[in-house]
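S.K.: Structure: query_15.cif, mmCIF, C-alpha atoms.
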```cif
data_work
#
loop_
_atom_site.label_atom_id
_atom_site.label_comp_id
_atom_site.auth_asym_id
_atom_site.auth_seq_id
_atom_site.Cartn_x
_atom_site.Cartn_y
_atom_site.Cartn_z
CA MET A 1146 -58.43 -12.50 -4.06
CA PHE A 1147 -56.13 -9.60 -4.62
CA GLU A 1148 -52.99 -10.09 -6.62
CA ALA A 1149 -50.00 -7.88 -6.00
CA ALA A 1150 -49.18 -5.66 -8.89
CA PRO A 1151 -45.72 -6.16 -10.33
CA ARG A 1152 -43.20 -3.64 -9.10
CA PRO A 1153 -41.89 -1.18 -11.65
CA SER A 1154 -38.28 -1.78 -12.50
CA PHE A 1155 -35.95 1.17 -12.20
CA PHE A 1156 -33.44 -0.68 -14.32
CA PRO A 1157 -35.37 -2.14 -17.22
CA GLY A 1158 -32.40 -4.11 -18.55
CA LEU A 1159 -31.99 -6.16 -15.37
CA ALA A 1160 -33.84 -9.40 -14.88
CA PRO A 1161 -35.79 -9.92 -11.64
CA ARG A 1162 -33.03 -12.21 -10.40
CA LEU A 1163 -29.59 -10.73 -10.62
CA LYS A 1164 -26.92 -13.13 -11.68
CA VAL A 1165 -23.60 -12.60 -9.98
CA GLN A 1166 -20.96 -12.08 -12.58
CA PRO A 1167 -17.50 -13.36 -11.71
CA GLN A 1168 -15.14 -10.46 -11.19
CA GLN A 1169 -12.95 -9.87 -14.19
CA GLN A 1170 -9.34 -10.73 -13.61
CA HIS A 1171 -7.11 -7.70 -13.91
CA LYS A 1172 -3.38 -7.41 -14.30
CA PHE A 1173 -1.38 -6.94 -11.13
CA TRP A 1174 0.64 -4.04 -12.53
CA ASP A 1175 -2.27 -1.81 -13.49
CA HIS A 1176 -1.97 1.99 -13.44
CA LYS A 1177 -3.24 2.27 -9.87
CA LYS A 1178 -0.63 -0.07 -8.43
CA LYS A 1179 2.18 1.44 -10.46
CA PHE A 1180 1.25 4.81 -8.99
CA LEU A 1181 0.87 3.48 -5.44
CA PHE A 1182 4.07 1.43 -5.35
CA GLY A 1183 5.99 4.20 -7.14
CA GLY A 1184 4.88 6.65 -4.47
CA ALA A 1185 5.73 4.15 -1.76
CA ALA A 1186 9.21 3.66 -3.25
CA ALA A 1187 9.75 7.43 -3.30
CA LEU A 1188 8.75 7.63 0.36
CA VAL A 1189 11.09 4.75 1.23
CA VAL A 1190 13.97 6.64 -0.42
CA ALA A 1191 12.99 9.82 1.43
CA ASP A 1192 12.85 7.89 4.70
CA VAL A 1193 16.30 6.42 4.14
CA TRP A 1194 17.74 9.82 3.27
CA THR A 1195 16.20 11.67 6.21
CA THR A 1196 17.04 8.90 8.69
CA ARG A 1197 20.66 8.85 7.54
CA ARG A 1198 20.85 12.65 7.99
CA ILE A 1199 19.46 12.39 11.51
CA ILE A 1200 21.93 9.62 12.42
CA SER A 1201 24.87 11.56 10.94
CA ARG A 1202 23.96 14.49 13.19
CA GLY A 1203 24.01 12.35 16.32
CA GLY A 1204 20.40 11.16 16.40
CA HIS A 1205 19.18 7.58 16.50
CA GLU A 1206 16.68 5.34 14.72
CA PHE A 1207 13.33 5.16 16.52
CA ASN A 1208 12.23 1.86 14.95
CA PRO A 1209 13.58 -0.94 17.17
CA VAL A 1210 13.51 -3.44 14.28
CA ALA A 1211 15.53 -1.16 12.00
CA ARG A 1212 17.92 0.04 14.71
CA PRO A 1213 20.53 -2.74 14.18
CA PHE A 1214 20.77 -1.80 10.49
CA ALA A 1215 20.97 1.95 11.04
CA GLY A 1216 24.73 1.96 11.61
CA SER A 1217 25.53 1.21 7.98
CA ASP A 1218 24.27 3.01 4.89
CA ALA A 1219 24.18 -0.13 2.78
CA ALA A 1220 22.57 -2.31 5.45
CA PHE A 1221 19.89 0.27 6.19
CA ALA A 1222 19.10 0.78 2.48
CA ALA A 1223 18.92 -3.00 2.00
CA TYR A 1224 16.60 -3.31 5.01
CA ARG A 1225 14.26 -0.64 3.66
CA ALA A 1226 14.31 -2.10 0.14
CA SER A 1227 13.47 -5.53 1.52
CA SER A 1228 10.57 -4.11 3.52
CA TRP A 1229 9.24 -2.50 0.32
CA GLY A 1230 9.62 -5.86 -1.44
CA LEU A 1231 7.75 -7.58 1.41
CA TYR A 1232 4.80 -5.22 0.93
CA LEU A 1233 4.94 -5.82 -2.82
CA GLY A 1234 4.87 -9.58 -2.27
CA LEU A 1235 2.01 -9.29 0.21
CA SER A 1236 0.01 -7.24 -2.29
CA TYR A 1237 0.70 -9.81 -5.01
CA LEU A 1238 -0.42 -12.60 -2.69
CA CYS A 1239 -3.69 -10.72 -2.12
CA HIS A 1240 -4.03 -10.37 -5.90
CA ARG A 1241 -3.55 -14.10 -6.46
CA LYS A 1242 -6.05 -14.97 -3.72
CA GLY A 1243 -8.66 -12.63 -5.23
CA TRP A 1244 -8.67 -10.16 -2.33
CA HIS A 1245 -8.62 -7.14 -4.59
CA ARG A 1246 -9.58 -4.53 -1.99
CA LEU A 1247 -6.81 -5.72 0.29
CA GLU A 1248 -4.47 -5.64 -2.68
CA ILE A 1249 -4.94 -1.85 -2.79
CA ILE A 1250 -4.95 -1.37 0.99
CA VAL A 1251 -1.45 -2.86 1.37
CA PRO A 1252 0.42 -0.18 -0.64
CA ALA A 1253 -1.82 2.51 0.84
CA LEU A 1254 -0.79 1.30 4.29
CA LEU A 1255 2.87 1.44 3.28
CA ILE A 1256 2.41 5.00 2.00
CA SER A 1257 0.73 6.11 5.22
CA ILE A 1258 3.39 4.54 7.45
CA ASP A 1259 6.33 5.86 5.45
CA GLY A 1260 4.65 9.23 4.96
CA ALA A 1261 4.34 9.62 8.73
CA ALA A 1262 7.97 8.53 9.19
CA VAL A 1263 9.22 11.01 6.57
CA ALA A 1264 7.15 13.83 8.07
CA ASN A 1265 8.57 13.06 11.52
CA ASN A 1266 12.11 12.90 10.13
CA LEU A 1267 11.73 16.14 8.19
CA ALA A 1268 10.56 17.90 11.35
CA ARG A 1269 13.75 16.73 13.06
CA VAL A 1270 16.11 17.48 10.16
CA PHE A 1271 15.02 21.04 9.44
#
```
Step by step, read the file and then write its structure as structure tokens.
M.R.:
Amino acid sequence: MFEAAPRPSFFPGLAPRLKVQPQQQHKFWDHKKKFLFGGAAALVVADVWTTRRIISRGGHEFNPVARPFAGSDAAFAAYRASSWGLYLGLSYLCHRKGWHRLEIIVPALLISIDGAAVANNLARVF
């Protein structure tokens, strides 16, 4: 009897059935990740510096995993550099698996953790 009128299309260029386009592969070292991991590296350096100042003034490391390395400058710097490298590797693994949102969340998580650690250390140093 009655036929439904065709719906007007708000996007005239799109077909009624949307075809899912495969996501374009991007380079791992794009501008966003260079910025994120550069900022994370700067926070790691700031964390090492502020932690070493606290320890030299008689304080102690709060992180129980890092506490065994806190007695030596070189060991503590190597520990922090390896943790940065672990986050870098985890982000690259997410990139290779195609988990591109998680690939951005990993360095953002590192920045938030190290940012909180540096803020806490700076409150204790000054």
S.K.: Can you tell me how far atom CA of Asn1265 of chain A sits from atom CA of Val1210 of chain A, in Å to one decimal?
M.R.: 17.4 Å
S.K.: Give me, please, the distance in Å between atom CA of Pro1252 of chain A and atom CA of Leu1188 of chain A, quoted to one decimal.
M.R.: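 Between these atoms lies a distance of 11.5 Å.
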S.K.: Grab the atom CA of Glu1248 of chain A to atom CA of Ala1262 of chain A distance for me, in Å with one decimal place.
M.R.: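 Atom CA of Ala1262 of chain A lies at a distance of 22.3 Å from atom CA of Glu1248 of chain A.
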S.K.: A:Ala1261, A:Ser1236, A:Ala1186, A:His1205: which is nearest Ile1249 of chain A, counting all atoms listed in the file?
M.R.: A:Ser1236
S.K.: With distances taken over all atoms listed in the file, which residue among A:Asp1175, A:Leu1181, A:Cys1239, A:Asn1208 lies nearest Ser1257 of chain A?
M.R.: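 Result for the nearest residue to Ser1257 of chain A: A:Leu1181.
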S.K.: Kindly indicate which residue among A:Gly1216, A:Thr1195, A:Leu1255, A:Gly1184 lies nearest to Trp1229 of chain A, using only C-alpha atoms for the distances.
M.R.: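 When distances to Trp1229 of chain A are compared using only C-alpha atoms, the smallest one comes from A:Leu1255.
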S.K.: Extract, using only C-alpha atoms, all DNA, RNA and protein residues at most 7 Å from Val1270 of chain A, discarding same-chain residues fewer than 3 positions from it, and format them as a list in words.
M.R.: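 Once the adjacent positions are removed, what remains is Ile1199, Asn1266 and Leu1267 of chain A.
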S.K.: Box time for segment 1172-1184 of chain A: axis-aligned, enclosing all its listed atoms, 6 Å extra on each side; report centre and edge lengths in Å to one decimal, as JSON.
M.R.:
```
{"center_x": 1.3, "center_y": -0.4, "center_z": -9.4, "size_x": 21.4, "size_y": 26.1, "size_z": 21.8}
```
S.K.: Which one is closest to Ala1268 of chain A: A:Thr1196, A:Ser1217, A:Gln1170, A:Ser1228? Count all atoms listed in the file.
M.R.: A:Thr1196
S.K.: Kindly indicate which residue among A:Val1263, A:Phe1207, A:Leu1231, A:Lys1178 lies nearest to Val1193 of chain A, using only C-alpha atoms for the distances.
M.R.: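 That would be A:Val1263, the residue with the smallest distance to Val1193 of chain A.
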S.K.: My structure is short of atoms at segment 1178-1204 of chain A; please model N, CA and C atoms there, returning them as a short mmCIF file (atom, residue, chain, number, x, y, z; two decimals), in the frame of the given file.
M.R.:
```cif
data_model
loop_
_atom_site.label_atom_id
_atom_site.label_comp_id
_atom_site.auth_asym_id
_atom_site.auth_seq_id
_atom_site.Cartn_x
_atom_site.Cartn_y
_atom_site.Cartn_z
N LYS A 1178 -1.71 0.49 -9.25
CA LYS A 1178 -0.63 -0.07 -8.43
C LYS A 1178 0.74 0.47 -8.81
N LYS A 1179 0.93 0.79 -10.07
CA LYS A 1179 2.18 1.44 -10.46
C LYS A 1179 2.33 2.77 -9.74
N PHE A 1180 1.24 3.53 -9.68
CA PHE A 1180 1.25 4.81 -8.99
C PHE A 1180 1.47 4.62 -7.49
N LEU A 1181 0.75 3.68 -6.88
CA LEU A 1181 0.87 3.48 -5.44
C LEU A 1181 2.25 2.97 -5.03
N PHE A 1182 2.76 1.96 -5.73
CA PHE A 1182 4.07 1.43 -5.35
C PHE A 1182 5.20 2.37 -5.75
N GLY A 1183 5.01 3.17 -6.80
CA GLY A 1183 5.99 4.20 -7.14
C GLY A 1183 6.07 5.26 -6.05
N GLY A 1184 4.90 5.69 -5.57
CA GLY A 1184 4.88 6.65 -4.47
C GLY A 1184 5.47 6.07 -3.20
N ALA A 1185 5.18 4.81 -2.94
CA ALA A 1185 5.73 4.15 -1.76
C ALA A 1185 7.26 4.04 -1.87
N ALA A 1186 7.76 3.74 -3.06
CA ALA A 1186 9.21 3.66 -3.25
C ALA A 1186 9.86 5.03 -3.04
N ALA A 1187 9.21 6.09 -3.51
CA ALA A 1187 9.75 7.43 -3.30
C ALA A 1187 9.79 7.77 -1.81
N LEU A 1188 8.76 7.37 -1.08
CA LEU A 1188 8.75 7.63 0.36
C LEU A 1188 9.79 6.79 1.10
N VAL A 1189 10.04 5.58 0.63
CA VAL A 1189 11.09 4.75 1.23
C VAL A 1189 12.46 5.42 1.04
N VAL A 1190 12.70 5.93 -0.16
CA VAL A 1190 13.97 6.64 -0.42
C VAL A 1190 14.07 7.88 0.46
N ALA A 1191 12.98 8.63 0.58
CA ALA A 1191 12.99 9.82 1.43
C ALA A 1191 13.22 9.45 2.89
N ASP A 1192 12.65 8.34 3.33
CA ASP A 1192 12.85 7.89 4.70
C ASP A 1192 14.29 7.50 4.95
N VAL A 1193 14.89 6.80 4.00
CA VAL A 1193 16.30 6.42 4.14
C VAL A 1193 17.18 7.66 4.20
N TRP A 1194 16.92 8.61 3.32
CA TRP A 1194 17.74 9.82 3.27
C TRP A 1194 17.61 10.63 4.56
N THR A 1195 16.38 10.85 5.01
CA THR A 1195 16.20 11.67 6.21
C THR A 1195 16.71 10.95 7.46
N THR A 1196 16.53 9.65 7.53
CA THR A 1196 17.04 8.90 8.69
C THR A 1196 18.56 8.94 8.73
N ARG A 1197 19.19 8.79 7.57
CA ARG A 1197 20.66 8.85 7.54
C ARG A 1197 21.16 10.24 7.95
N ARG A 1198 20.45 11.30 7.57
CA ARG A 1198 20.85 12.65 7.99
C ARG A 1198 20.72 12.82 9.50
N ILE A 1199 19.65 12.29 10.06
CA ILE A 1199 19.46 12.39 11.51
C ILE A 1199 20.56 11.63 12.24
N ILE A 1200 20.89 10.43 11.77
CA ILE A 1200 21.93 9.62 12.42
C ILE A 1200 23.30 10.28 12.28
N SER A 1201 23.57 10.90 11.13
CA SER A 1201 24.87 11.56 10.94
C SER A 1201 25.02 12.79 11.83
N ARG A 1202 23.91 13.33 12.29
CA ARG A 1202 23.96 14.49 13.19
C ARG A 1202 23.86 14.09 14.66
N GLY A 1203 23.99 12.81 14.94
CA GLY A 1203 24.01 12.35 16.32
C GLY A 1203 22.69 11.80 16.83
N GLY A 1204 21.69 11.71 15.98
CA GLY A 1204 20.40 11.16 16.40
C GLY A 1204 20.43 9.64 16.36
#
```
